[in-house]
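Enquirer: Next comes the structure file run_35.cif, holding mmCIF, C-alpha atoms.
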```cif
data_entry
#
loop_
_atom_site.label_atom_id
_atom_site.label_comp_id
_atom_site.auth_asym_id
_atom_site.auth_seq_id
_atom_site.Cartn_x
_atom_site.Cartn_y
_atom_site.Cartn_z
CA MET A 901 16.95 -175.11 17.59
CA ILE A 902 15.65 -174.05 14.17
CA THR A 903 12.07 -172.94 13.63
CA ASN A 904 10.77 -172.21 10.14
CA THR A 905 8.56 -169.25 9.24
CA PRO A 906 5.72 -169.72 6.73
CA SER A 907 8.00 -168.26 4.05
CA GLY A 908 10.46 -171.11 4.58
CA ILE A 909 13.19 -168.83 5.98
CA ASP A 910 14.93 -170.14 9.10
CA ARG A 911 13.64 -168.01 11.95
CA ARG A 912 16.47 -168.61 14.38
CA ASN A 913 19.91 -170.18 13.94
CA PHE A 914 22.22 -170.46 16.90
CA LEU A 915 25.93 -170.99 16.65
CA ARG A 916 27.31 -172.01 20.00
CA GLY A 917 31.07 -171.86 20.51
CA ILE A 918 33.35 -171.25 23.46
CA GLY A 919 31.20 -168.77 25.36
CA MET A 920 29.53 -167.27 22.29
CA ALA A 921 26.30 -167.59 20.37
CA LEU A 922 25.04 -166.01 17.18
CA ALA A 923 21.56 -165.68 15.71
CA LEU A 924 19.77 -163.73 13.02
CA PRO A 925 18.78 -160.18 14.03
CA ALA A 926 15.22 -159.26 15.00
CA PHE A 927 13.53 -157.78 11.96
CA GLU A 928 10.21 -156.04 12.56
CA SER A 929 9.19 -156.67 8.94
CA LEU A 930 9.60 -160.44 9.39
CA ASN A 931 9.00 -160.66 13.16
CA VAL A 932 12.23 -162.59 13.65
CA GLY A 933 15.87 -163.17 16.09
CA PHE A 934 19.47 -160.70 16.67
CA ALA A 935 23.53 -159.58 16.64
CA ALA A 936 27.08 -159.01 18.35
CA THR A 937 29.77 -156.42 19.06
CA ALA A 938 33.31 -156.53 17.72
CA PRO A 939 35.97 -157.39 20.30
CA SER A 940 39.24 -155.59 20.73
CA ALA A 941 42.31 -156.31 22.81
CA SER A 942 42.47 -154.82 26.29
CA PRO A 943 45.13 -155.05 29.00
CA LYS A 944 42.49 -154.76 31.73
CA ARG A 945 40.98 -157.72 33.55
CA LEU A 946 37.64 -158.47 35.20
CA ILE A 947 36.63 -160.98 37.87
CA CYS A 948 33.00 -161.36 38.95
CA ILE A 949 32.05 -163.37 42.02
CA GLY A 950 28.42 -164.11 42.84
CA ASN A 951 26.87 -165.79 45.87
CA HIS A 952 23.30 -167.03 45.30
CA LEU A 953 22.11 -166.40 48.86
CA GLY A 954 23.82 -163.03 49.19
CA PHE A 955 24.91 -161.80 52.61
CA TRP A 956 22.90 -160.95 55.70
CA PRO A 957 22.37 -157.16 55.39
CA GLY A 958 22.85 -156.62 59.12
CA GLY A 959 26.33 -158.11 58.92
CA PHE A 960 27.38 -156.87 55.47
CA PHE A 961 26.69 -153.13 55.29
CA PRO A 962 28.79 -150.76 57.44
CA THR A 963 26.86 -148.30 59.60
CA LYS A 964 28.97 -145.27 58.67
CA GLU A 965 29.47 -143.69 55.24
CA GLY A 966 32.77 -142.71 53.61
CA ARG A 967 36.35 -143.92 53.98
CA ASP A 968 36.48 -143.58 57.76
CA TYR A 969 34.05 -146.39 58.51
CA ALA A 970 34.25 -149.42 60.75
CA LEU A 971 34.34 -152.69 58.85
CA SER A 972 31.16 -154.68 59.30
CA GLN A 973 31.20 -158.17 60.77
CA THR A 974 31.01 -159.83 57.36
CA LEU A 975 33.67 -157.61 55.78
CA ALA A 976 36.15 -157.99 58.66
CA PRO A 977 38.30 -160.57 56.77
CA LEU A 978 39.04 -157.84 54.18
CA GLN A 979 40.70 -155.55 56.73
CA ALA A 980 44.12 -155.74 55.03
CA TYR A 981 42.57 -154.50 51.77
CA ARG A 982 40.16 -151.85 53.03
CA SER A 983 41.79 -149.15 50.87
CA ASP A 984 41.38 -151.38 47.80
CA PHE A 985 37.60 -151.71 47.69
CA THR A 986 34.31 -149.81 47.86
CA VAL A 987 31.11 -151.11 49.44
CA PHE A 988 27.85 -149.84 47.90
CA SER A 989 24.52 -149.41 49.68
CA HIS A 990 21.07 -149.16 48.05
CA LEU A 991 21.96 -150.51 44.61
CA ASP A 992 19.76 -153.03 42.80
CA HIS A 993 17.95 -153.69 39.53
CA GLY A 994 14.48 -152.82 40.83
CA LEU A 995 13.42 -156.45 40.42
CA ASN A 996 11.27 -158.80 42.46
CA GLY A 997 11.35 -162.57 42.53
CA GLY A 998 13.74 -163.75 45.24
CA HIS A 999 15.55 -166.87 43.99
CA GLY A 1000 13.93 -166.29 40.59
CA ALA A 1001 15.76 -162.97 40.20
CA VAL A 1002 19.23 -163.97 41.41
CA HIS A 1003 20.35 -164.85 37.88
CA ALA A 1004 19.94 -161.16 36.92
CA PHE A 1005 22.81 -160.03 39.17
CA LEU A 1006 25.27 -159.34 36.33
CA THR A 1007 22.63 -158.63 33.67
CA GLY A 1008 20.00 -156.38 35.22
CA VAL A 1009 17.39 -158.34 33.26
CA LYS A 1010 15.40 -161.41 34.26
CA LYS A 1011 15.43 -164.15 31.65
CA GLU A 1012 11.66 -164.05 31.15
CA GLU A 1013 11.88 -160.31 30.39
CA SER A 1014 14.89 -160.58 28.08
CA PRO A 1015 13.05 -160.63 24.71
CA GLY A 1016 12.25 -156.94 25.28
CA PHE A 1017 15.93 -155.99 25.44
CA ALA A 1018 18.20 -155.56 22.41
CA GLU A 1019 20.94 -157.70 24.00
CA LYS A 1020 18.55 -159.97 25.87
CA ASN A 1021 20.05 -160.72 29.29
CA ILE A 1022 23.77 -160.77 28.49
CA SER A 1023 25.97 -160.52 31.58
CA ILE A 1024 28.82 -158.03 31.96
CA ASP A 1025 31.46 -160.75 31.92
CA GLN A 1026 30.33 -161.86 28.46
CA VAL A 1027 30.30 -158.30 27.11
CA ALA A 1028 33.87 -158.02 28.38
CA ALA A 1029 34.69 -161.41 26.80
CA GLU A 1030 33.41 -160.19 23.43
CA HIS A 1031 35.65 -157.15 23.78
CA VAL A 1032 38.68 -159.39 24.39
CA GLY A 1033 37.73 -161.78 21.57
CA ALA A 1034 40.52 -164.20 20.67
CA ALA A 1035 43.33 -162.05 22.09
CA THR A 1036 43.58 -164.73 24.79
CA ARG A 1037 43.15 -168.49 24.59
CA TYR A 1038 39.85 -168.22 26.48
CA PRO A 1039 37.69 -165.10 26.04
CA SER A 1040 36.28 -165.89 29.51
CA LEU A 1041 36.39 -168.56 32.18
CA THR A 1042 33.19 -169.33 34.08
CA THR A 1043 33.85 -171.30 37.25
CA GLY A 1044 32.06 -172.29 40.42
CA ILE A 1045 31.18 -175.08 42.82
CA GLY A 1046 28.16 -177.32 42.45
CA GLU A 1047 25.60 -176.28 39.85
CA GLY A 1048 26.21 -172.54 40.10
CA THR A 1049 23.82 -169.59 40.33
CA ASP A 1050 22.98 -169.15 36.61
CA MET A 1051 25.08 -165.98 36.74
CA CYS A 1052 26.61 -165.88 33.23
CA TRP A 1053 24.59 -165.38 30.04
CA ASN A 1054 25.59 -164.72 26.44
CA ARG A 1055 23.87 -162.29 24.11
CA ALA A 1056 21.52 -164.97 22.79
CA GLY A 1057 20.13 -165.33 26.31
CA VAL A 1058 21.82 -168.71 26.75
CA HIS A 1059 23.13 -169.66 30.19
CA ILE A 1060 26.86 -170.49 30.39
CA PRO A 1061 27.38 -173.15 33.08
CA PRO A 1062 30.47 -172.96 35.28
CA VAL A 1063 33.43 -175.34 35.26
CA ASN A 1064 33.04 -176.91 38.71
CA ASN A 1065 36.09 -179.17 38.81
CA PRO A 1066 39.42 -177.51 39.70
CA ALA A 1067 41.38 -180.35 38.08
CA ARG A 1068 39.52 -179.79 34.81
CA LEU A 1069 40.25 -176.06 34.97
CA PHE A 1070 43.93 -176.72 35.68
CA SER A 1071 44.08 -179.02 32.65
CA ALA A 1072 42.44 -176.38 30.43
CA LEU A 1073 45.01 -173.82 31.52
CA PHE A 1074 48.23 -175.82 31.60
CA VAL A 1075 47.93 -179.29 30.01
CA ASP A 1076 48.45 -179.49 26.24
CA ALA A 1077 46.04 -181.73 24.36
CA SER A 1078 47.28 -184.71 22.37
CA GLU A 1079 47.75 -184.36 18.61
CA GLY A 1080 44.66 -186.51 18.10
CA ALA A 1081 42.53 -184.28 20.32
CA LYS A 1082 43.82 -181.20 18.51
CA ALA A 1083 42.84 -182.72 15.17
CA VAL A 1084 39.31 -183.40 16.45
CA GLU A 1085 39.00 -179.81 17.70
CA HIS A 1086 40.31 -178.46 14.39
CA GLU A 1087 37.63 -180.43 12.53
CA ARG A 1088 34.97 -179.05 14.87
CA LEU A 1089 36.08 -175.48 14.13
CA VAL A 1090 36.09 -176.15 10.39
CA ASN A 1091 32.52 -177.45 10.62
CA ARG A 1092 31.44 -174.34 12.46
CA THR A 1093 32.95 -172.17 9.75
CA SER A 1094 30.83 -174.13 7.25
CA VAL A 1095 27.73 -173.31 9.29
CA LEU A 1096 28.69 -169.64 9.16
CA ASP A 1097 28.96 -169.84 5.38
CA ALA A 1098 25.42 -171.25 5.26
CA LEU A 1099 24.13 -168.49 7.52
CA ARG A 1100 25.74 -165.84 5.33
CA GLU A 1101 24.11 -167.29 2.20
CA GLN A 1102 20.75 -167.41 3.98
CA ALA A 1103 21.14 -163.75 4.96
CA LYS A 1104 21.69 -162.77 1.31
CA VAL A 1105 18.42 -164.47 0.35
CA LEU A 1106 16.69 -162.75 3.24
CA ALA A 1107 17.88 -159.26 2.19
CA GLY A 1108 15.45 -159.00 -0.72
CA ASN A 1109 12.45 -159.21 1.62
CA LEU A 1110 13.54 -156.43 4.01
CA ASP A 1111 12.83 -152.71 4.24
CA ALA A 1112 15.64 -150.13 4.69
CA SER A 1113 15.60 -150.31 8.50
CA ASP A 1114 15.86 -154.08 8.58
CA ARG A 1115 18.58 -154.09 5.91
CA GLY A 1116 20.62 -152.02 8.37
CA LYS A 1117 20.11 -154.71 10.99
CA LEU A 1118 21.12 -157.34 8.45
CA ASP A 1119 24.34 -155.43 7.77
CA GLN A 1120 25.07 -155.53 11.51
CA TYR A 1121 24.39 -159.27 11.49
CA LEU A 1122 26.76 -159.89 8.57
CA THR A 1123 29.41 -157.85 10.37
CA SER A 1124 28.97 -160.08 13.43
CA VAL A 1125 29.26 -163.19 11.21
CA ARG A 1126 32.56 -161.92 9.84
CA ASP A 1127 33.71 -161.21 13.39
CA VAL A 1128 32.84 -164.72 14.56
CA GLU A 1129 34.69 -166.15 11.54
CA ARG A 1130 37.79 -164.22 12.57
CA ARG A 1131 37.44 -165.43 16.15
CA LEU A 1132 37.06 -169.04 15.00
CA GLN A 1133 40.18 -168.72 12.84
CA MET A 1134 42.13 -167.32 15.78
CA SER A 1135 40.76 -170.08 18.03
CA ASP A 1136 42.11 -172.58 15.50
CA ALA A 1137 45.47 -170.78 15.67
CA TRP A 1138 45.52 -171.23 19.47
CA LEU A 1139 45.46 -175.02 18.96
CA GLY A 1140 49.04 -174.93 17.70
CA ARG A 1141 50.36 -172.75 20.51
CA PRO A 1142 51.72 -174.49 23.60
CA LYS A 1143 50.07 -173.66 26.91
CA PRO A 1144 52.11 -171.94 29.61
CA LYS A 1145 53.98 -174.00 32.19
CA SER A 1146 52.18 -174.21 35.50
CA PRO A 1147 53.90 -172.41 38.39
CA ILE A 1148 52.13 -174.74 40.85
CA PRO A 1149 51.98 -178.54 41.14
CA ALA A 1150 49.33 -180.24 39.02
CA ILE A 1151 45.85 -180.33 40.55
CA LYS A 1152 44.62 -183.90 40.36
CA ASP A 1153 41.05 -185.04 39.87
CA GLU A 1154 40.26 -186.40 43.33
CA GLU A 1155 37.57 -186.24 45.99
CA ARG A 1156 37.46 -182.84 47.75
CA THR A 1157 35.02 -180.93 49.90
CA GLN A 1158 33.67 -177.67 48.53
CA ILE A 1159 35.49 -175.67 51.19
CA GLU A 1160 38.71 -177.24 49.85
CA GLU A 1161 37.78 -176.42 46.26
CA ILE A 1162 37.05 -172.71 46.66
CA PRO A 1163 40.66 -171.60 47.46
CA LEU A 1164 41.86 -173.71 44.52
CA PHE A 1165 39.53 -171.82 42.20
CA MET A 1166 40.73 -168.48 43.61
CA ASP A 1167 44.34 -169.50 42.87
CA LEU A 1168 43.51 -170.80 39.38
CA MET A 1169 41.63 -167.64 38.41
CA THR A 1170 44.66 -165.59 39.44
CA LEU A 1171 46.99 -167.83 37.44
CA ALA A 1172 44.68 -167.64 34.42
CA LEU A 1173 44.99 -163.84 34.47
CA GLN A 1174 48.69 -163.91 35.28
CA THR A 1175 49.48 -166.14 32.28
CA ASP A 1176 47.08 -164.10 30.08
CA SER A 1177 45.13 -167.27 29.33
CA THR A 1178 42.05 -165.09 29.86
CA ARG A 1179 41.20 -161.57 31.01
CA VAL A 1180 37.69 -162.35 32.21
CA ALA A 1181 36.80 -164.84 34.95
CA THR A 1182 33.76 -165.55 37.10
CA PHE A 1183 33.10 -167.67 40.17
CA GLU A 1184 29.69 -168.77 41.49
CA VAL A 1185 28.64 -169.96 44.95
CA PRO A 1186 25.32 -171.83 44.63
CA LEU A 1187 22.34 -172.17 46.93
CA GLN A 1188 23.49 -175.79 47.46
CA PHE A 1189 26.86 -174.80 48.97
CA HIS A 1190 27.75 -177.65 51.35
CA THR A 1191 28.03 -175.70 54.59
CA GLN A 1192 27.96 -178.92 56.59
CA ASP A 1193 31.70 -178.98 55.87
CA LEU A 1194 31.93 -175.92 58.14
CA ASP A 1195 30.08 -177.78 60.91
CA VAL A 1196 26.94 -175.67 60.58
CA GLY A 1197 23.44 -176.34 59.28
CA SER A 1198 22.02 -176.21 55.77
CA TYR A 1199 23.00 -172.97 54.02
CA HIS A 1200 19.50 -172.41 52.64
CA GLY A 1201 18.00 -173.11 56.03
CA LEU A 1202 20.40 -170.70 57.75
CA SER A 1203 19.56 -167.99 55.22
CA HIS A 1204 15.96 -168.11 56.49
CA HIS A 1205 17.11 -167.12 59.95
CA SER A 1206 14.23 -164.74 60.84
CA LYS A 1207 16.86 -162.96 62.98
CA GLN A 1208 17.16 -165.93 65.33
CA GLU A 1209 20.48 -165.51 67.11
CA GLY A 1210 21.57 -169.14 66.86
CA LEU A 1211 20.94 -169.31 63.10
CA LEU A 1212 22.58 -165.92 62.51
CA THR A 1213 25.66 -167.06 64.41
CA GLN A 1214 25.97 -170.09 62.13
CA LEU A 1215 25.27 -168.02 59.02
CA GLN A 1216 28.08 -165.65 59.97
CA VAL A 1217 30.47 -168.63 60.08
CA VAL A 1218 29.59 -169.33 56.44
CA GLU A 1219 29.81 -165.71 55.34
CA LYS A 1220 33.12 -165.17 57.17
CA TYR A 1221 34.53 -168.21 55.38
CA LEU A 1222 33.43 -166.90 51.98
CA MET A 1223 34.78 -163.41 52.63
CA THR A 1224 38.07 -164.94 53.81
CA GLN A 1225 38.36 -166.67 50.42
CA PHE A 1226 37.70 -163.40 48.60
CA ALA A 1227 40.42 -161.81 50.74
CA HIS A 1228 42.69 -164.68 49.68
CA LEU A 1229 41.95 -163.80 46.03
CA LEU A 1230 42.80 -160.12 46.57
CA GLY A 1231 46.04 -161.16 48.23
CA LYS A 1232 46.96 -163.36 45.28
CA LEU A 1233 46.19 -160.55 42.82
CA LYS A 1234 48.39 -158.15 44.79
CA GLU A 1235 51.16 -160.72 44.98
CA ALA A 1236 50.99 -161.16 41.18
CA GLY A 1237 50.99 -157.39 40.58
CA LEU A 1238 47.50 -157.57 39.05
CA MET A 1239 45.43 -155.56 41.53
CA ASP A 1240 45.51 -152.25 39.67
CA SER A 1241 44.68 -153.82 36.30
CA THR A 1242 41.94 -156.13 37.63
CA LEU A 1243 38.49 -155.03 38.71
CA VAL A 1244 36.83 -157.51 41.08
CA VAL A 1245 33.05 -157.54 41.52
CA VAL A 1246 31.68 -159.36 44.58
CA GLY A 1247 27.98 -159.57 45.37
CA SER A 1248 24.65 -161.23 44.71
CA GLY A 1249 21.28 -160.89 43.04
CA MET A 1250 19.75 -161.65 46.46
CA GLY A 1251 19.42 -158.73 48.86
CA ASN A 1252 17.99 -160.48 51.91
CA ALA A 1253 17.53 -164.23 51.63
CA SER A 1254 15.51 -164.39 54.83
CA ASN A 1255 12.54 -162.66 53.16
CA HIS A 1256 13.54 -163.29 49.50
CA SER A 1257 14.16 -159.61 48.82
CA SER A 1258 15.93 -158.57 45.61
CA ARG A 1259 16.40 -154.97 46.80
CA ASP A 1260 19.52 -153.35 48.30
CA LEU A 1261 21.90 -155.93 46.87
CA PRO A 1262 25.27 -156.52 48.55
CA VAL A 1263 27.82 -155.11 46.09
CA LEU A 1264 31.56 -154.64 46.50
CA LEU A 1265 34.05 -153.42 43.90
CA ALA A 1266 37.79 -154.00 44.45
CA GLY A 1267 41.03 -153.17 42.66
CA GLY A 1268 41.07 -151.70 39.17
CA GLY A 1269 43.39 -148.84 40.10
CA LEU A 1270 40.35 -146.88 41.30
CA LYS A 1271 40.28 -144.22 44.00
CA HIS A 1272 38.11 -146.24 46.35
CA GLN A 1273 35.62 -144.52 48.62
CA GLY A 1274 35.12 -146.95 51.48
CA HIS A 1275 31.37 -147.15 52.03
CA LEU A 1276 29.39 -145.34 49.33
CA VAL A 1277 25.76 -144.82 50.30
CA CYS A 1278 23.51 -144.20 47.30
CA PRO A 1279 20.00 -142.66 47.55
CA SER A 1280 17.47 -145.00 49.15
CA GLU A 1281 14.29 -143.19 48.03
CA ASP A 1282 12.68 -144.96 45.08
CA HIS A 1283 12.47 -141.82 42.92
CA LYS A 1284 16.18 -141.09 43.45
CA ARG A 1285 17.58 -144.59 43.20
CA ILE A 1286 20.53 -145.33 40.93
CA GLN A 1287 20.34 -148.46 38.80
CA LEU A 1288 22.97 -151.10 39.53
CA SER A 1289 23.20 -151.39 35.73
CA ASN A 1290 24.73 -147.89 35.76
CA LEU A 1291 27.62 -149.28 37.79
CA TRP A 1292 27.92 -152.21 35.38
CA LEU A 1293 28.00 -149.78 32.43
CA SER A 1294 30.82 -147.82 34.04
CA THR A 1295 32.63 -151.09 34.78
CA LEU A 1296 32.44 -152.06 31.09
CA GLN A 1297 33.68 -148.63 30.03
CA TRP A 1298 36.59 -149.02 32.47
CA PHE A 1299 37.32 -152.35 30.79
CA GLY A 1300 37.47 -150.60 27.42
CA ALA A 1301 34.14 -151.65 25.91
CA GLU A 1302 32.71 -148.68 24.02
CA ARG A 1303 29.01 -148.58 24.80
CA GLU A 1304 26.38 -146.16 26.07
CA ARG A 1305 23.88 -148.56 27.65
CA PHE A 1306 23.76 -151.83 29.53
CA GLY A 1307 20.73 -153.68 30.88
CA ARG A 1308 18.50 -151.15 32.65
CA SER A 1309 21.12 -148.40 32.81
CA THR A 1310 20.03 -144.77 32.72
CA GLY A 1311 23.61 -143.51 32.34
CA THR A 1312 27.02 -144.08 33.85
CA PHE A 1313 27.59 -144.32 37.59
CA SER A 1314 28.12 -140.68 38.49
CA PRO A 1315 28.66 -140.99 42.29
CA MET A 1316 32.01 -142.70 41.65
CA LYS A 1317 34.28 -142.07 38.70
CA ILE A 1318 35.35 -145.37 37.14
CA GLY A 1319 37.91 -145.22 34.37
#
```
Starting from the file, lay out its structure as structure tokens.
Expert:
Amino acid sequence: MITNTPSGIDRRNFLRGIGMALALPAFESLNVGFAATAPSASPKRLICIGNHLGFWPGGFFPTKEGRDYALSQTLAPLQAYRSDFTVFSHLDHGLNGGHGAVHAFLTGVKKEESPGFAEKNISIDQVAAEHVGAATRYPSLTTGIGEGTDMCWNRAGVHIPPVNNPARLFSALFVDASEGAKAVEHERLVNRTSVLDALREQAKVLAGNLDASDRGKLDQYLTSVRDVERRLQMSDAWLGRPKPKSPIPAIKDEERTQIEEIPLFMDLMTLALQTDSTRVATFEVPLQFHTQDLDVGSYHGLSHHSKQEGLLTQLQVVEKYLMTQFAHLLGKLKEAGLMDSTLVVVGSGMGNASNHSSRDLPVLLAGGGLKHQGHLVCPSEDHKRIQLSNLWLSTLQWFGAERERFGRSTGTFSPMKIG
């Protein structure tokens, strides 16, 4: 979308590529749009898994603090990996809104509030993807079943929808495109470079109307343009490189239930990291998860259990299934020798779906070569609470992204050293 100011200067120009967007920076003197960080190669990997409806607090959080705790009912499927993860209590973004705040899980910022933040509502996976840049074929892979939870956002505040077909993801990872398709993609990249040239010329014209402060922002913008150009050139270079051979049989595009699809996505994310096709991957479980395939009622309906025993029993069937799949992922990462170099985030922007609470979010951090602390109970009093964004900031620093703030962070996550 392009909107013109009275002076005839384009107010906002978006360049959308593979998981990236670029726009002019916000200049106070012209009341205008924004910029991006330079990526660098990193051997570390990040997986983020989000479940729209969260987990029933009574079944998720252990009752005892520290490493010597009894696994809760929901976490029981992770027994074999209890030394490889930390469960956090009393972390959240201080938001309200129920379903309307779930999308802020990895950002700390609701979309409607994002104009007040320098990086809008970018999610941690996309910050990590920018850091990786074109060092891998795909800076990030966003995956999920159904329509997703709106979990992943780029720095322009644009939602990145998940790939929800395992056959399509398999093809992206392991099936080389035809020469004709490569030629079409090459032309598309060339056209985008032309757009960048136009943006750069526009920025030069704009410079004469700016004060010293805004000229500094313009310099940052031009730096980001040059960075995107480099990434586009490297993306073009990837077209000529053959994809890795698949270590598993081809996944065909055929009718499957969602409970059949989830383990396929867990396997494909592991293979994507193992073949260094990407170093950042996400997976989303939507509100519309088809729990009928587990012979229980509607997932959304079960989440509004009001502590009714029959509904809670069915809800625990769903949550046990999901946690079993996350355990499957951890097993695959260990089998591939990736556990210590991969940090896995599991959780939700929904704290208690039964009353639409966005407080006390279920958060679990696994792998990463960290000295895990079992069940880490953070302060519950409002005036002592630690922002979940602090944990996300420490996660990004662990990944290698040099930054001092993220979302609503007030600092790094001091109760647990990450890095």
Enquirer: Starting from the PyMOL selection byres ((chain A and resi 1308) around 9), expand the selection into actual residues of this file and give them as a list in words.
Expert: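 On the file shown, the PyMOL selection byres ((chain A and resi 1308) around 9) covers His993, Thr1007, Gly1008, Val1009, Gln1287, Leu1288, Ser1289, Asn1290, Arg1305, Phe1306, Gly1307, Ser1309 and Thr1310 of chain A.
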Enquirer: For Val1002 of chain A, which residue among A:Val1058, A:Leu1229, A:Val1244, A:Cys1052 is the nearest when counting all atoms listed in the file?
Expert: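 Nearest candidate to Val1002 of chain A out of A:Val1058, A:Leu1229, A:Val1244, A:Cys1052: A:Cys1052.
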Enquirer: Quick check on the file I pasted: which residues fall under the PyMOL selection byres ((chain A and resi 957-968) around 7)? Write them as number ranges by chain.
Expert: A: 955-956, 969-975, 1252, 1273-1277
Enquirer: For segment 1186-1193 of chain A, find every residue with an atom within 9 Å (counting only C-alpha atoms), except residues of its own chain fewer than 3 positions away, and show them as a PyMOL selection string.
Expert: chain A and resi 950-953+1044-1050+1157-1159+1196-1200+1218
Enquirer: Quick one: everything within 9 Å of Leu1173 of chain A, counting only C-alpha atoms, minus sequence neighbours fewer than 5 positions away in the same chain. Send it as a list in words.
Expert: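 Near Leu1173 of chain A, the qualifying residues are Arg945, Leu1168, Thr1178, Arg1179, Val1180, Ala1181, Leu1238 and Thr1242 of chain A.
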Enquirer: Mind dumping the selected residues with C-alpha atoms as a PDB file, in the coordinates of the input?
Expert:
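After the write, result.pdb holds the following:
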```pdb
ATOM      1  CA  ARG A 945      40.980-157.720  33.550  1.00  0.00           C
ATOM      2  CA  LEU A1168      43.510-170.800  39.380  1.00  0.00           C
ATOM      3  CA  THR A1178      42.050-165.090  29.860  1.00  0.00           C
ATOM      4  CA  ARG A1179      41.200-161.570  31.010  1.00  0.00           C
ATOM      5  CA  VAL A1180      37.690-162.350  32.210  1.00  0.00           C
ATOM      6  CA  ALA A1181      36.800-164.840  34.950  1.00  0.00           C
ATOM      7  CA  LEU A1238      47.500-157.570  39.050  1.00  0.00           C
ATOM      8  CA  THR A1242      41.940-156.130  37.630  1.00  0.00           C
TER       9      THR A1242
END
```
Enquirer: Quick one: apply the PyMOL selection byres ((chain A and resi 1241) around 8) to the file and drop the selected residues here as a ChimeraX atom specification.
Expert: /A:943-945,1238-1240,1242-1243,1267-1269
Enquirer: Selection from above, C-alpha atoms, as a PDB file, in the coordinates of the input, can you write it?
Expert:
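Final output, out_7.pdb:
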```pdb
ATOM      1  CA  PRO A 943      45.130-155.050  29.000  1.00  0.00           C
ATOM      2  CA  LYS A 944      42.490-154.760  31.730  1.00  0.00           C
ATOM      3  CA  ARG A 945      40.980-157.720  33.550  1.00  0.00           C
ATOM      4  CA  LEU A1238      47.500-157.570  39.050  1.00  0.00           C
ATOM      5  CA  MET A1239      45.430-155.560  41.530  1.00  0.00           C
ATOM      6  CA  ASP A1240      45.510-152.250  39.670  1.00  0.00           C
ATOM      7  CA  THR A1242      41.940-156.130  37.630  1.00  0.00           C
ATOM      8  CA  LEU A1243      38.490-155.030  38.710  1.00  0.00           C
ATOM      9  CA  GLY A1267      41.030-153.170  42.660  1.00  0.00           C
ATOM     10  CA  GLY A1268      41.070-151.700  39.170  1.00  0.00           C
ATOM     11  CA  GLY A1269      43.390-148.840  40.100  1.00  0.00           C
TER      12      GLY A1269
END
```
